[in-house]
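Read the structure below first, then the notes.
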Amino acid sequence: MSLSLPHDSRTKPAGRLLANLQALRRLVRLELSTMVALSALTGYLFAGGVWSWQILVVLGGTMLLAGGSSALNQWQEVDLDQRMLRTCMRPLPAAQFNKTLGLASALALIALGLLLLTQTPGYLPLLIGALTVIWYNAIYTPLKRKTAFAALPGAICGALPPLIGWTAAGGALLTQPAIILAGTLFVWQIPHTWLLLCRYRDDLKRSGLPDLFRTIPTERLLKINNCWIAGLFLSYLLFPLFGFIAHPLITIIFVAGLLVLLVGLMKTRDGSTAEIALRRFHLVNLSMALLFTVLIVDRVLG
């Protein structure tokens, strides 16, 4: 007969550790932070950056800043998150982290991210990284409590991370490729945000935030959003138009992928408003993932 520890004694510490790691993942919104880091990597390679340890610095620094900003945002909005079904199970409102620990984690991640960016050439990546945090947490987050149109200035947050990578690779800010890349991310942020609001419009009412749908009816907002989506796809076409994609085959794949996504968007007309908004939300996100993939693969292949 073999002796063994009681089941609970063996599984409780492991289960607690797993639960803490899952809570931390939600606190930093790992998937979103990874997307932000990939946008910085895209900017770095788009500017002609070489494969070196600098890539890890750009990726790590940007991901830490994104995760820290997300955690700080949740600390700032814990009262709002408690009211919404979509967010009530986040670590702070669900009491998986206390507010002090959440704030300390956020500040530590931001500090580490900024410290990493000091290892990039020049001072611009560090300044842009700091500006991104300031814009997101000190401007956009409080502005959401003041106006239903906070997404418009808030879209600047999405345009800045690729510029961290761009400047880390030595690219000049006021150049056509940098402006087009950052501008495309800016345009993408609007349908990304508004479609999410359409999907969770009941949550928006519960939150107590200024209600966009009191100003613009949902159906009209979706039509306005379609104009932003059209502008986004026109922005995508600037990349092959200006020769920013070197390989012809990759250009063909990119344009074909955009056409497939555009047809998918045009077909999302059946179902409830929430269902339509969710399908369009995923397709809009896929379009940005396609751009990142195409630009990264194009630079990898040289």
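Ordered as shown in the structure tokens, chains take letters A, B, and onward, while each chain numbers its residues from 1 and ligands are numbered from 1 in the order shown.
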10 Å contact set for stretch 164-166 of chain A, only C-alpha atoms, chain neighbours under 3 positions out, as number ranges by chain: A: 37-49, 54-55, 57-59, 61-62, 117, 120, 124-129, 132, 159-161, 169-173, 177-178, 181-182
- request: Excluding A:Leu249 and residues on its chain fewer than 4 positions from it, collect all residues at most 12 Å away from it, counting only C-alpha atoms, and give them as number ranges by chain.
  value: A: 240, 245, 253-256, 294, 297-298, 301
Output of the above residues as a PDB file, in the first residue's frame, restricted to C-alpha atoms:
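The resulting file, part-v9.pdb, is reproduced below:
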```
ATOM      1  CA  PRO A 240      -0.099  48.265 -51.621  1.00  0.00           C
ATOM      2  CA  ILE A 245       4.401  45.689 -49.370  1.00  0.00           C
ATOM      3  CA  ILE A 253      -2.973  37.686 -50.610  1.00  0.00           C
ATOM      4  CA  PHE A 254      -3.532  40.905 -48.645  1.00  0.00           C
ATOM      5  CA  VAL A 255      -5.995  42.384 -51.153  1.00  0.00           C
ATOM      6  CA  ALA A 256      -7.796  39.052 -51.491  1.00  0.00           C
ATOM      7  CA  VAL A 294       1.194  40.799 -43.946  1.00  0.00           C
ATOM      8  CA  VAL A 297       5.822  38.403 -43.071  1.00  0.00           C
ATOM      9  CA  ASP A 298       6.753  40.802 -45.866  1.00  0.00           C
ATOM     10  CA  LEU A 301      10.957  37.484 -46.205  1.00  0.00           C
TER      11      LEU A 301
END
```
- request: List every residue of stretch 42-172 of chain A that DSSP, applied to the backbone, labels as helix (DSSP H, G or I), and write the result as an NGL selection string.
  value: :A and (42-46 or 53-76 or 78-81 or 99-117 or 124-143 or 151-154 or 156-159 or 161-168)
Put those residues in a file: C-alpha atoms, as a CSV table (one decimal), in the first residue's frame.
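Writing the result to selection-v5.csv gives the following:
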```csv
chain,number,residue,atom,x,y,z
A,42,THR,CA,4.9,45.8,-36.9
A,43,GLY,CA,6.1,49.4,-36.7
A,44,TYR,CA,9.6,48.3,-35.9
A,45,LEU,CA,9.9,45.9,-38.9
A,46,PHE,CA,8.0,48.4,-41.1
A,53,TRP,CA,17.6,41.8,-29.2
A,54,GLN,CA,16.0,45.2,-29.8
A,55,ILE,CA,12.9,43.3,-30.9
A,56,LEU,CA,12.5,41.7,-27.5
A,57,VAL,CA,13.0,45.2,-25.9
A,58,VAL,CA,10.3,46.7,-28.1
A,59,LEU,CA,7.9,43.8,-27.6
A,60,GLY,CA,8.5,43.4,-23.9
A,61,GLY,CA,8.4,47.1,-23.1
A,62,THR,CA,5.2,47.7,-25.1
A,63,MET,CA,3.5,44.7,-23.6
A,64,LEU,CA,4.4,45.7,-20.1
A,65,LEU,CA,3.1,49.2,-20.7
A,66,ALA,CA,-0.1,47.9,-22.3
A,67,GLY,CA,-0.7,45.4,-19.4
A,68,GLY,CA,0.1,48.1,-16.8
A,69,SER,CA,-2.2,50.6,-18.4
A,70,SER,CA,-5.0,48.0,-18.5
A,71,ALA,CA,-4.5,47.2,-14.8
A,72,LEU,CA,-4.5,50.9,-14.0
A,73,ASN,CA,-7.6,51.4,-16.0
A,74,GLN,CA,-9.4,48.7,-14.1
A,75,TRP,CA,-8.3,50.3,-10.8
A,76,GLN,CA,-9.7,53.6,-12.1
A,78,VAL,CA,-13.7,49.4,-10.6
A,79,ASP,CA,-17.0,51.1,-9.7
A,80,LEU,CA,-18.1,51.0,-13.4
A,81,ASP,CA,-16.9,47.4,-13.8
A,99,LYS,CA,-7.4,47.6,-5.1
A,100,THR,CA,-4.0,48.3,-3.5
A,101,LEU,CA,-2.5,45.2,-5.0
A,102,GLY,CA,-4.1,46.1,-8.4
A,103,LEU,CA,-2.6,49.6,-8.3
A,104,ALA,CA,0.8,48.4,-7.2
A,105,SER,CA,0.8,45.8,-10.0
A,106,ALA,CA,-0.2,48.4,-12.6
A,107,LEU,CA,2.5,50.9,-11.5
A,108,ALA,CA,5.2,48.2,-11.4
A,109,LEU,CA,4.4,47.0,-14.9
A,110,ILE,CA,4.4,50.6,-16.3
A,111,ALA,CA,7.7,51.3,-14.6
A,112,LEU,CA,9.2,48.1,-15.9
A,113,GLY,CA,7.9,48.9,-19.4
A,114,LEU,CA,9.4,52.4,-19.4
A,115,LEU,CA,12.6,51.0,-18.0
A,116,LEU,CA,12.9,48.6,-20.9
A,117,LEU,CA,12.2,51.3,-23.5
A,124,LEU,CA,11.4,58.9,-28.8
A,125,PRO,CA,10.3,55.3,-28.0
A,126,LEU,CA,10.4,56.1,-24.3
A,127,LEU,CA,8.5,59.4,-24.7
A,128,ILE,CA,5.9,57.8,-27.0
A,129,GLY,CA,5.4,55.0,-24.5
A,130,ALA,CA,5.0,57.4,-21.7
A,131,LEU,CA,2.6,59.5,-23.8
A,132,THR,CA,0.5,56.4,-24.5
A,133,VAL,CA,0.0,55.6,-20.9
A,134,ILE,CA,-0.8,59.3,-20.0
A,135,TRP,CA,-3.3,59.5,-22.9
A,136,TYR,CA,-5.0,56.3,-22.0
A,137,ASN,CA,-5.2,56.6,-18.3
A,138,ALA,CA,-5.1,60.3,-17.6
A,139,ILE,CA,-7.1,61.6,-20.6
A,140,TYR,CA,-9.2,58.9,-22.2
A,141,THR,CA,-10.3,57.0,-19.1
A,142,PRO,CA,-11.6,60.1,-17.2
A,143,LEU,CA,-13.1,61.5,-20.5
A,151,ALA,CA,-13.7,57.1,-28.4
A,152,LEU,CA,-12.7,59.8,-30.9
A,153,PRO,CA,-9.8,61.3,-28.9
A,154,GLY,CA,-9.3,57.9,-27.3
A,156,ILE,CA,-5.0,58.2,-30.4
A,157,CYS,CA,-4.1,55.5,-27.9
A,158,GLY,CA,-4.2,52.9,-30.6
A,159,ALA,CA,-2.2,54.9,-33.0
A,161,PRO,CA,2.2,51.8,-30.0
A,162,PRO,CA,3.3,51.2,-33.6
A,163,LEU,CA,5.2,54.4,-33.4
A,164,ILE,CA,7.2,53.0,-30.5
A,165,GLY,CA,8.5,50.3,-32.7
A,166,TRP,CA,8.9,52.7,-35.7
A,167,THR,CA,11.1,55.1,-33.8
A,168,ALA,CA,13.0,52.3,-32.0
```
message: Which residues are close to A:Glu275, i.e. within 10 Å by only C-alpha atoms, leaving aside same-chain residues fewer than 6 positions away? Reply as a VMD selection string.
response: chain A and resid 198 to 199 268 to 269 281
Take the selection from the previous step and output its residues with C-alpha atoms, as a CSV table (one decimal), in the first residue's frame.
```
chain,number,residue,atom,x,y,z
A,198,CYS,CA,-23.4,48.2,-29.7
A,199,ARG,CA,-22.9,44.6,-28.6
A,268,THR,CA,-23.7,40.6,-41.5
A,269,ARG,CA,-27.2,42.0,-41.8
A,281,PHE,CA,-16.4,43.4,-34.4
```
- request: For each of A:His247, A:Leu259, A:Thr273, A:Pro217, take the minimum atom-to-atom distance to A:Leu196, counting only C-alpha atoms, then give the residue where this is smallest.
  value: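 Under the stated criterion, the closest residue is A:Thr273.
If you look at atom CA of A:Ser207 and atom CA of A:His282, they are 23.5 Å away from each other.
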- request: Go through A:Arg16, A:Lys144, A:Ile179, A:Ala246 and flag the residue nearest A:Gly302, using only C-alpha atoms for the distances.
  value: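 Of A:Arg16, A:Lys144, A:Ile179, A:Ala246, the one nearest A:Gly302, counting only C-alpha atoms, is A:Ala246.
Counting only C-alpha atoms and comparing A:Gln176, A:Ile252, A:Gly243, A:Leu283, the residue that lies closest to A:Lys267 is A:Leu283.
The residue that comes closest to A:Arg280, out of A:Gln96, A:Leu238, A:Thr193, A:Lys205 and on the basis of only C-alpha atoms, is A:Thr193.
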